[in-house]
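Novice: Next up, final.txt (compact mmCIF, C-alpha atoms and all ligand atoms).
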# COMPACT_ATOMS: atom_id res chain seq x y z
CA MET A 1 33.33 24.14 62.51
CA ASP A 2 35.43 21.50 64.18
CA ARG A 3 37.32 22.90 67.16
CA GLU A 4 39.39 19.73 67.55
CA LYS A 5 41.38 20.27 64.40
CA PRO A 6 44.86 21.80 64.71
CA ILE A 7 44.76 25.57 64.32
CA ILE A 8 46.56 27.19 61.43
CA LEU A 9 47.10 30.87 60.95
CA SER A 10 48.67 32.46 57.96
CA GLY A 11 49.01 36.06 56.88
CA VAL A 12 49.25 37.54 53.43
CA GLN A 13 50.23 41.03 52.46
CA PRO A 14 47.65 42.74 50.28
CA THR A 15 50.00 43.22 47.36
CA GLY A 16 47.19 43.26 44.80
CA GLN A 17 46.80 40.58 42.18
CA LEU A 18 48.56 37.32 43.03
CA HIS A 19 50.72 35.44 40.54
CA LEU A 20 51.49 31.84 39.67
CA GLY A 21 54.29 31.72 42.24
CA ASN A 22 51.85 32.74 44.99
CA TYR A 23 49.37 30.20 43.74
CA GLU A 24 51.75 27.24 43.55
CA GLY A 25 53.69 28.25 46.66
CA ALA A 26 50.87 29.15 49.02
CA LEU A 27 47.30 29.18 47.78
CA ARG A 28 47.20 25.67 46.40
CA ASN A 29 48.70 24.41 49.63
CA TRP A 30 46.11 26.20 51.76
CA VAL A 31 43.29 24.87 49.65
CA SER A 32 44.57 21.35 50.22
CA MET A 33 44.71 21.90 53.99
CA GLN A 34 41.32 23.49 54.54
CA ASP A 35 39.58 20.21 55.42
CA ASP A 36 42.15 18.94 57.89
CA TYR A 37 42.91 22.11 59.82
CA ARG A 38 40.97 24.93 61.37
CA MET A 39 42.37 27.72 59.26
CA TYR A 40 42.51 31.44 59.83
CA LEU A 41 43.75 33.49 56.90
CA CYS A 42 44.57 37.07 57.61
CA VAL A 43 45.11 39.80 55.04
CA VAL A 44 47.66 41.90 56.88
CA ASP A 45 46.87 45.47 55.90
CA TRP A 46 48.70 46.94 58.91
CA HIS A 47 51.84 45.07 57.90
CA ALA A 48 51.53 46.59 54.45
CA LEU A 49 51.73 50.03 56.06
CA THR A 50 55.07 49.25 57.68
CA SER A 51 56.65 49.86 54.27
CA ASP A 52 53.92 51.33 52.05
CA PHE A 53 52.62 54.01 54.42
CA ASN A 54 52.87 56.56 51.64
CA GLU A 55 50.86 54.51 49.13
CA VAL A 56 47.52 54.14 50.82
CA LYS A 57 45.36 55.17 47.88
CA GLU A 58 45.28 51.70 46.39
CA LEU A 59 45.13 49.78 49.63
CA GLN A 60 41.45 48.82 49.44
CA ASP A 61 41.73 47.76 45.82
CA ARG A 62 44.77 45.63 46.65
CA ILE A 63 42.85 43.92 49.41
CA PHE A 64 39.95 43.28 47.05
CA GLN A 65 42.22 41.85 44.33
CA THR A 66 43.90 39.57 46.86
CA MET A 67 40.46 38.40 48.01
CA LEU A 68 39.44 37.60 44.44
CA ASP A 69 42.55 35.45 44.05
CA PHE A 70 41.87 33.64 47.33
CA LEU A 71 38.32 32.84 46.44
CA CYS A 72 38.84 31.89 42.80
CA SER A 73 41.63 29.49 43.85
CA GLY A 74 39.17 27.42 45.83
CA LEU A 75 39.51 28.62 49.40
CA ASP A 76 36.10 27.93 50.86
CA PRO A 77 34.78 30.55 53.30
CA GLU A 78 32.65 27.84 54.89
CA LYS A 79 35.86 26.10 55.99
CA VAL A 80 38.39 28.90 56.34
CA SER A 81 38.00 32.17 58.21
CA ILE A 82 39.32 34.81 55.85
CA PHE A 83 39.58 38.24 57.41
CA ILE A 84 41.32 41.58 57.38
CA GLN A 85 43.83 42.23 60.15
CA SER A 86 42.63 45.78 60.87
CA ASP A 87 39.08 44.49 61.42
CA ILE A 88 40.30 42.77 64.57
CA LYS A 89 41.69 45.47 66.86
CA GLU A 90 42.97 42.82 69.26
CA HIS A 91 45.99 42.38 66.95
CA ALA A 92 47.02 45.93 67.83
CA GLU A 93 46.42 45.48 71.54
CA LEU A 94 48.46 42.29 71.72
CA HIS A 95 51.23 43.88 69.67
CA LEU A 96 51.33 46.78 72.11
CA LEU A 97 51.54 44.51 75.14
CA PHE A 98 54.24 42.40 73.51
CA SER A 99 56.19 45.59 72.80
CA MET A 100 56.55 46.06 76.56
CA ILE A 101 58.30 42.75 77.09
CA ILE A 102 60.45 42.37 74.02
CA PRO A 103 64.01 43.68 74.09
CA THR A 104 64.67 45.78 70.96
CA PRO A 105 67.83 43.81 70.07
CA TRP A 106 65.61 40.78 69.43
CA LEU A 107 63.97 42.79 66.66
CA GLU A 108 67.13 44.42 65.35
CA ARG A 109 68.76 41.07 64.72
CA VAL A 110 65.90 39.63 62.62
CA PRO A 111 67.50 39.10 59.18
CA SER A 112 64.61 40.58 57.19
CA TYR A 113 64.83 43.77 59.24
CA LYS A 114 68.49 44.38 58.56
CA GLU A 115 68.22 43.62 54.86
CA LYS A 116 65.07 45.51 54.10
CA SER A 117 65.71 48.53 56.27
CA GLU A 118 69.03 49.10 54.53
CA ALA A 119 67.80 48.28 51.04
CA MET A 120 64.62 50.34 51.26
CA GLY A 121 65.64 53.01 53.73
CA LEU A 122 62.95 52.01 56.19
CA ASP A 123 63.55 53.25 59.69
CA SER A 124 60.15 53.61 61.33
CA TYR A 125 59.18 52.28 64.72
CA GLY A 126 56.43 50.25 63.04
CA PHE A 127 58.83 48.64 60.59
CA LEU A 128 61.10 47.50 63.40
CA GLY A 129 58.01 45.99 65.01
CA TYR A 130 56.95 44.11 61.86
CA PRO A 131 57.85 40.63 63.17
CA LEU A 132 56.34 41.43 66.56
CA LEU A 133 53.03 42.32 64.93
CA GLN A 134 53.33 39.02 63.08
CA ALA A 135 53.89 37.25 66.41
CA ALA A 136 50.72 38.91 67.70
CA ASP A 137 48.81 37.72 64.58
CA ILE A 138 49.87 34.17 65.26
CA LEU A 139 49.60 33.99 69.03
CA LEU A 140 46.24 35.77 69.16
CA TYR A 141 44.74 32.63 67.60
CA LYS A 142 46.98 30.27 69.56
CA ALA A 143 47.97 28.74 66.26
CA ASP A 144 49.59 25.32 66.29
CA PHE A 145 51.10 25.76 62.86
CA VAL A 146 52.01 28.56 60.50
CA PRO A 147 52.43 27.58 56.85
CA VAL A 148 55.17 29.81 55.48
CA GLY A 149 58.06 30.03 53.09
CA LYS A 150 61.61 29.50 54.31
CA ASP A 151 62.28 33.23 54.49
CA GLN A 152 59.68 33.52 57.26
CA LEU A 153 61.21 30.97 59.62
CA PRO A 154 63.12 33.59 61.66
CA HIS A 155 59.77 35.29 62.30
CA ILE A 156 58.27 32.05 63.57
CA GLU A 157 61.29 31.53 65.80
CA LEU A 158 60.82 35.03 67.20
CA THR A 159 57.14 34.26 67.79
CA ARG A 160 58.14 31.23 69.84
CA GLU A 161 60.57 33.32 71.87
CA VAL A 162 57.90 35.93 72.54
CA ALA A 163 55.46 33.22 73.63
CA ARG A 164 58.06 31.74 75.97
CA ARG A 165 58.93 35.09 77.50
CA PHE A 166 55.28 35.97 78.00
CA ASN A 167 54.52 32.59 79.56
CA ASN A 168 57.50 32.89 81.92
CA LEU A 169 56.43 36.33 83.05
CA TYR A 170 52.67 35.91 83.37
CA GLY A 171 51.80 32.23 83.26
CA ASN A 172 51.09 29.78 80.55
CA VAL A 173 48.87 31.47 77.97
CA PHE A 174 50.46 30.80 74.59
CA PRO A 175 51.39 27.55 72.86
CA GLU A 176 54.56 27.71 70.78
CA PRO A 177 53.64 27.45 67.12
CA GLY A 178 55.61 25.49 64.56
CA GLY A 179 56.39 26.50 60.99
CA LEU A 180 54.92 24.33 58.29
CA LEU A 181 57.11 24.25 55.20
CA SER A 182 55.51 22.73 52.17
CA LYS A 183 57.19 21.32 49.14
CA PHE A 184 56.30 23.27 46.08
CA PRO A 185 57.71 23.53 42.60
CA LEU A 186 60.05 26.33 41.73
CA ILE A 187 58.14 28.87 39.66
CA PRO A 188 60.46 31.03 37.59
CA GLY A 189 59.29 34.35 36.20
CA ILE A 190 59.67 35.41 32.58
CA ASP A 191 63.25 36.63 33.21
CA GLY A 192 64.22 33.26 34.72
CA ARG A 193 64.52 34.59 38.28
CA LYS A 194 62.08 33.51 40.98
CA MET A 195 58.63 34.82 40.09
CA SER A 196 57.99 37.91 42.14
CA LYS A 197 55.84 41.00 41.87
CA SER A 198 58.80 43.20 42.74
CA TYR A 199 60.88 41.79 39.86
CA ASN A 200 58.02 42.58 37.49
CA ASN A 201 58.48 39.14 35.92
CA ASP A 202 55.20 37.55 36.94
CA ILE A 203 52.16 35.99 35.31
CA LYS A 204 49.06 36.85 37.30
CA LEU A 205 46.18 34.52 37.99
CA GLY A 206 43.95 37.27 36.64
CA ASP A 207 45.89 37.75 33.36
CA SER A 208 43.90 36.90 30.23
CA PRO A 209 44.98 33.94 28.06
CA ASP A 210 46.28 36.42 25.53
CA GLU A 211 48.29 38.40 28.10
CA THR A 212 49.71 35.09 29.31
CA ALA A 213 50.79 34.10 25.79
CA GLN A 214 52.37 37.53 25.24
CA LYS A 215 54.35 37.26 28.45
CA LEU A 216 55.56 33.78 27.55
CA LYS A 217 56.80 35.09 24.21
CA LYS A 218 59.21 37.30 26.14
CA MET A 219 60.29 34.55 28.50
CA ILE A 220 63.97 33.68 28.40
CA THR A 221 65.11 30.19 27.39
CA ASP A 222 68.47 28.46 27.12
CA PRO A 223 70.73 31.33 25.90
CA ASN A 224 72.73 28.90 23.76
CA LYS A 225 69.65 27.93 21.76
CA ILE A 226 69.42 30.76 19.27
CA TYR A 227 67.95 29.02 16.22
CA LYS A 228 65.30 26.38 16.16
CA GLY A 229 67.78 23.67 15.11
CA ASP A 230 70.18 24.40 17.99
CA PRO A 231 70.17 21.75 20.72
CA GLY A 232 68.60 23.10 23.92
CA ARG A 233 69.14 22.32 27.59
CA PRO A 234 65.74 21.84 29.21
CA GLU A 235 67.31 21.49 32.63
CA ILE A 236 68.34 25.14 32.66
CA CYS A 237 65.34 26.51 30.75
CA PRO A 238 62.66 28.35 32.77
CA VAL A 239 60.03 27.56 30.14
CA PHE A 240 60.73 23.89 30.72
CA ALA A 241 60.44 24.40 34.49
CA LEU A 242 56.88 25.62 33.90
CA HIS A 243 56.15 22.69 31.58
CA GLN A 244 56.97 20.42 34.50
CA VAL A 245 54.15 22.01 36.43
CA TYR A 246 51.53 22.56 33.74
CA THR A 247 52.15 19.95 31.04
CA ASN A 248 51.35 16.24 31.34
CA ALA A 249 54.26 13.87 31.98
CA LYS A 250 54.20 12.23 28.57
CA ASP A 251 54.40 15.52 26.73
CA VAL A 252 57.07 16.81 29.10
CA GLU A 253 59.24 13.86 28.18
CA LYS A 254 58.71 14.52 24.47
CA ILE A 255 59.43 18.24 24.87
CA ALA A 256 62.71 17.48 26.66
CA ARG A 257 63.73 15.04 23.93
CA THR A 258 62.84 17.23 20.96
CA CYS A 259 64.30 20.37 22.55
CA LYS A 260 67.61 18.57 23.07
CA SER A 261 67.64 17.29 19.50
CA GLY A 262 66.77 20.68 18.07
CA GLU A 263 63.51 19.50 16.47
CA LEU A 264 61.49 21.69 18.82
CA GLY A 265 62.05 25.44 18.66
CA CYS A 266 61.45 27.84 21.53
CA VAL A 267 58.57 29.61 19.79
CA GLU A 268 56.63 26.40 19.37
CA ASP A 269 57.61 25.26 22.86
CA LYS A 270 56.19 28.43 24.40
CA LYS A 271 53.01 28.10 22.38
CA LEU A 272 52.48 24.64 23.85
CA LEU A 273 53.14 25.93 27.35
CA GLY A 274 50.71 28.81 26.82
CA GLU A 275 47.97 26.41 25.79
CA ASN A 276 48.53 24.15 28.78
CA LEU A 277 48.87 26.99 31.24
CA ASN A 278 45.74 28.67 29.97
CA THR A 279 43.81 25.40 30.17
CA ALA A 280 45.01 24.81 33.73
CA LEU A 281 43.88 28.29 34.76
CA GLU A 282 40.61 28.37 32.82
CA ASN A 283 38.28 27.61 35.73
CA ILE A 284 40.13 29.81 38.17
CA ARG A 285 39.98 32.71 35.76
CA SER A 286 36.32 32.38 34.93
CA LYS A 287 35.50 32.21 38.62
CA ARG A 288 37.61 35.29 39.21
CA LYS A 289 35.70 37.21 36.54
CA GLU A 290 32.41 36.25 38.13
CA LEU A 291 33.55 37.27 41.62
CA GLU A 292 34.87 40.57 40.34
CA LYS A 293 31.32 41.67 39.63
CA ASN A 294 30.16 40.55 43.04
CA LYS A 295 31.70 42.92 45.57
CA ASP A 296 28.88 42.33 48.01
CA TYR A 297 29.72 38.66 48.20
CA VAL A 298 33.36 39.43 48.97
CA LEU A 299 32.25 41.79 51.74
CA THR A 300 30.01 39.09 53.19
CA VAL A 301 32.92 36.66 53.25
CA LEU A 302 35.06 39.20 55.10
CA ASP A 303 32.33 39.95 57.64
CA LYS A 304 31.83 36.28 58.35
CA GLY A 305 35.59 35.70 58.61
CA ALA A 306 36.01 38.66 60.96
CA ALA A 307 33.20 37.44 63.23
CA GLU A 308 34.83 34.00 63.50
CA ALA A 309 38.30 35.42 64.04
CA ARG A 310 37.03 37.92 66.60
CA GLU A 311 35.51 35.19 68.72
CA ARG A 312 38.86 33.54 69.17
CA ALA A 313 40.83 36.78 69.45
CA VAL A 314 38.54 38.14 72.17
CA ALA A 315 38.88 34.95 74.21
CA THR A 316 42.68 35.07 74.03
CA MET A 317 42.82 38.75 74.95
CA SER A 318 40.69 38.24 77.98
CA GLU A 319 43.18 35.63 79.18
CA VAL A 320 46.08 37.95 78.37
CA ARG A 321 44.58 40.89 80.27
CA LYS A 322 43.82 38.71 83.25
CA SER A 323 47.32 37.25 83.32
CA MET A 324 48.86 40.75 83.17
CA ASN A 325 46.53 42.04 85.88
CA LEU A 326 44.82 44.51 83.59
CA VAL A 327 41.35 43.56 84.77
CA ARG A 328 39.77 45.62 87.54
CA SER A 329 38.10 43.93 90.44
CA TYR A 330 37.94 45.72 93.79
CA ALA A 331 35.75 43.11 95.40
N1 LIG B 401 55.42 38.32 57.00
C1 LIG B 401 54.53 37.53 56.19
C2 LIG B 401 54.98 37.61 54.73
O1 LIG B 401 55.54 38.59 54.32
C3 LIG B 401 53.11 37.99 56.29
C4 LIG B 401 52.51 37.73 57.64
C5 LIG B 401 52.04 38.67 58.53
C6 LIG B 401 52.27 36.46 58.22
N2 LIG B 401 51.51 38.05 59.61
C7 LIG B 401 51.63 36.71 59.47
C8 LIG B 401 52.53 35.15 57.81
C9 LIG B 401 51.28 35.67 60.30
C10 LIG B 401 52.18 34.10 58.66
C11 LIG B 401 51.56 34.37 59.88
O2 LIG B 401 54.73 36.70 53.99
As a first step, turn the structure in this file into C-alpha cells.

Specialist:
Amino acid sequence: MDREKPIILSGVQPTGQLHLGNYEGALRNWVSMQDDYRMYLCVVDWHALTSDFNEVKELQDRIFQTMLDFLCSGLDPEKVSIFIQSDIKEHAELHLLFSMIIPTPWLERVPSYKEKSEAMGLDSYGFLGYPLLQAADILLYKADFVPVGKDQLPHIELTREVARRFNNLYGNVFPEPGGLLSKFPLIPGIDGRKMSKSYNNDIKLGDSPDETAQKLKKMITDPNKIYKGDPGRPEICPVFALHQVYTNAKDVEKIARTCKSGELGCVEDKKLLGENLNTALENIRSKRKELEKNKDYVLTVLDKGAAEARERAVATMSEVRKSMNLVRSYA
C-alpha cells in the first residue's frame, strides 16, 4: 500500500444494519476515496459501550451486520484497512494518557455531551470521555483528514486541541487533522424526517425488494395531495427527494410535471420509486447475501485490517511513550 497518500481515519458505531442515509452520506463517499487516500476504517465498539453498556448481547452481531454493509457497498479490503477498535489496545492506552492532560471542562462543553447526557440520562465517566476516545482513534493513526458529518466537527476541533496541547507539553508528535465534509443528498426517511435508525424511519441496505416496497407504501407525501387528481408539490415531498437520487433525470422531470398536474398519483409514484430503488440496490444486496454466508471471509478481512492498523498504532505509541518519558533506560 502506498504510504505517500494522505491518511484518512473514520470511525463507525456498530449500530447493526446500515440504511440508505448511511450509504449515501458515508459509505459511498468512502468507496470513492479508497484509491486516493490511505484509509483506516474503525468500527468503534468501545464507543458503542459509552451509551449501550447494558445491551452487550447483540454487540457481535451488530459488528457483523455493519461489516456486511461495508463490504457489499464496495469497500475493498485490499485498499482500506477495516478493523475493530477493541482489537487495537493502543486506542485505550492513548485515551488514558490523553485523559491526564485534558481539562474536564473541555469535555463538558462539547455540544453532543450536553445534549445526549441530558436526553438519555448518561452520566458515566466513559461517556464524558467519548470525544477524547475519538481523538485517540484519530491521532493514533496521525490522520490528515477525518471524513465526517457536520455534527462531528466539534469532535474534530477537540482532537486538534488535544494534539496541540500534547505537542506543547511533550514535543511534536501529532499532526492536526482536518475534517472532510462531503456533499451528499438529503435522504429523508419514510416519515419525512432525516433517515435515522433511532427514528425507526429507515430503509436498510439489507431489506428485501418487497420490504422496501412495503416501507415506501407508508412513506408520507405532500399532505395536500389526498386524491390522485390533486396537484402535488414535489419540492416538499420526501418521495420526490428519493427520486432525485435513484431515478434518472428525464423521468424525474416527468414525475415532477405529472405530480404537479395531478396526472400522477402517489401510489403509482411510489411504485416507480420502488422499482428504481430496488434496481439501484440489486448488486449490493446480492453481494450482501453472499457475504452473509461467509463469516470466515469477514473474519479474515478484520484480521488483515487489524494487522495493518496495529503496525501504525504501535509506531505512534512508541513515540508517545518516549516523548512522555515512559520508556525505561538506565544506561
Ligand atoms: N463519533 C463518531 C460518530 O458517532 C464515531 C467515531 C468514533 C469516529 N471515532 C471516530 C468518527 C473517529 C471519525 C473518526 O459518527

Novice: May I ask which of the residues A:Glu292, A:Glu161, A:Asp45, A:Glu235 is the closest one to Ala92 in chain A, counting only C-alpha atoms?

Specialist: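 Closest candidate: A:Asp45.
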
Novice: Neighbours of Ala306 in chain A within 10 Å (only C-alpha atoms; same-chain residues fewer than 2 positions away dropped), as a ChimeraX atom specification?

Specialist: /A:40,42,81-88,300-304,308-311,313

Novice: Could you list, as a ChimeraX atom specification, all the residues within 6 Å of ligand LIG 401 (chain B), counting only C-alpha atoms and all ligand atoms?

Specialist: /A:9-13,44,134,137-138,146

Novice: Would you pick out the contacts of range 101-103 of chain A at 8 Å or less, using all atoms listed in the file, so that residues sharing its chain but fewer than 2 positions from it are not included, and give the list as JSON, numbers by chain?

Specialist: {"A": [97, 98, 99, 105, 106, 107, 162, 165, 166]}

Novice: Find the residues near Lys116 in chain A: any atom within 10 Å, counting only C-alpha atoms, skip ones fewer than 5 places away on the same chain, and give them as a compact mmCIF listing (two decimals) with C-alpha atoms, in the frame of the given file.

Specialist:
# COMPACT_ATOMS: atom_id res chain seq x y z
CA SER A 51 56.65 49.86 54.27
CA PRO A 111 67.50 39.10 59.18
CA GLY A 121 65.64 53.01 53.73
CA LEU A 122 62.95 52.01 56.19
CA ASP A 123 63.55 53.25 59.69
CA PHE A 127 58.83 48.64 60.59

Novice: Report as a list in words all protein, DNA and RNA residues lying within 12 Å of Leu326 in chain A, evaluated on only C-alpha atoms, omitting residues in the same chain fewer than 5 positions from it.

Specialist: Leu97, Tyr170, Met317, Ser318, Glu319, Val320 and Arg321 of chain A

Novice: Residues at most 12 Å from Cys237 in chain A, counting all atoms listed in the file, excluding those fewer than 5 positions away in the same chain, as a list in words?

Specialist: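 Near neighbours after the sequence-gap exclusion: Ile187, Pro188, Gly189, Ile190, Asp191, Gly192, Arg193, Met219, Ile220, Thr221, Asp222, Pro223, Asn224, Lys225, Gly232, Leu242, His243, Gln244, Ile255, Ala256, Cys259, Lys260, Cys266, Asp269 and Lys270 of chain A.
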
Novice: Could I get range 169-181 of chain A rebuilt with N, CA and C atoms, written as a PDB file, in the coordinates of the input?

Specialist:
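Saved to out.pdb:
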ATOM      1  N   LEU A 169      56.758  35.154  82.249  1.00  0.00           N
ATOM      2  CA  LEU A 169      56.430  36.330  83.050  1.00  0.00           C
ATOM      3  C   LEU A 169      55.050  36.236  83.700  1.00  0.00           C
ATOM      4  N   TYR A 170      54.067  35.747  82.929  1.00  0.00           N
ATOM      5  CA  TYR A 170      52.670  35.910  83.370  1.00  0.00           C
ATOM      6  C   TYR A 170      51.891  34.604  83.490  1.00  0.00           C
ATOM      7  N   GLY A 171      52.531  33.491  83.210  1.00  0.00           N
ATOM      8  CA  GLY A 171      51.800  32.230  83.260  1.00  0.00           C
ATOM      9  C   GLY A 171      51.512  31.730  81.864  1.00  0.00           C
ATOM     10  N   ASN A 172      51.157  30.460  81.833  1.00  0.00           N
ATOM     11  CA  ASN A 172      51.090  29.780  80.550  1.00  0.00           C
ATOM     12  C   ASN A 172      49.853  30.157  79.740  1.00  0.00           C
ATOM     13  N   VAL A 173      50.007  31.068  78.805  1.00  0.00           N
ATOM     14  CA  VAL A 173      48.870  31.470  77.970  1.00  0.00           C
ATOM     15  C   VAL A 173      49.040  30.968  76.535  1.00  0.00           C
ATOM     16  N   PHE A 174      50.274  31.070  76.020  1.00  0.00           N
ATOM     17  CA  PHE A 174      50.460  30.800  74.590  1.00  0.00           C
ATOM     18  C   PHE A 174      51.170  29.485  74.290  1.00  0.00           C
ATOM     19  N   PRO A 175      50.630  28.697  73.365  1.00  0.00           N
ATOM     20  CA  PRO A 175      51.390  27.550  72.860  1.00  0.00           C
ATOM     21  C   PRO A 175      52.458  28.062  71.895  1.00  0.00           C
ATOM     22  N   GLU A 176      53.538  27.299  71.736  1.00  0.00           N
ATOM     23  CA  GLU A 176      54.560  27.710  70.780  1.00  0.00           C
ATOM     24  C   GLU A 176      54.257  27.114  69.413  1.00  0.00           C
ATOM     25  N   PRO A 177      54.022  27.961  68.431  1.00  0.00           N
ATOM     26  CA  PRO A 177      53.640  27.450  67.120  1.00  0.00           C
ATOM     27  C   PRO A 177      54.836  26.914  66.341  1.00  0.00           C
ATOM     28  N   GLY A 178      54.560  26.006  65.438  1.00  0.00           N
ATOM     29  CA  GLY A 178      55.610  25.490  64.560  1.00  0.00           C
ATOM     30  C   GLY A 178      55.403  26.009  63.146  1.00  0.00           C
ATOM     31  N   GLY A 179      56.507  26.144  62.418  1.00  0.00           N
ATOM     32  CA  GLY A 179      56.390  26.500  60.990  1.00  0.00           C
ATOM     33  C   GLY A 179      56.017  25.266  60.197  1.00  0.00           C
ATOM     34  N   LEU A 180      55.316  25.457  59.123  1.00  0.00           N
ATOM     35  CA  LEU A 180      54.920  24.330  58.290  1.00  0.00           C
ATOM     36  C   LEU A 180      55.413  24.620  56.875  1.00  0.00           C
ATOM     37  N   LEU A 181      56.566  24.011  56.540  1.00  0.00           N
ATOM     38  CA  LEU A 181      57.110  24.250  55.200  1.00  0.00           C
ATOM     39  C   LEU A 181      56.510  23.237  54.249  1.00  0.00           C
TER      40      LEU A 181
END
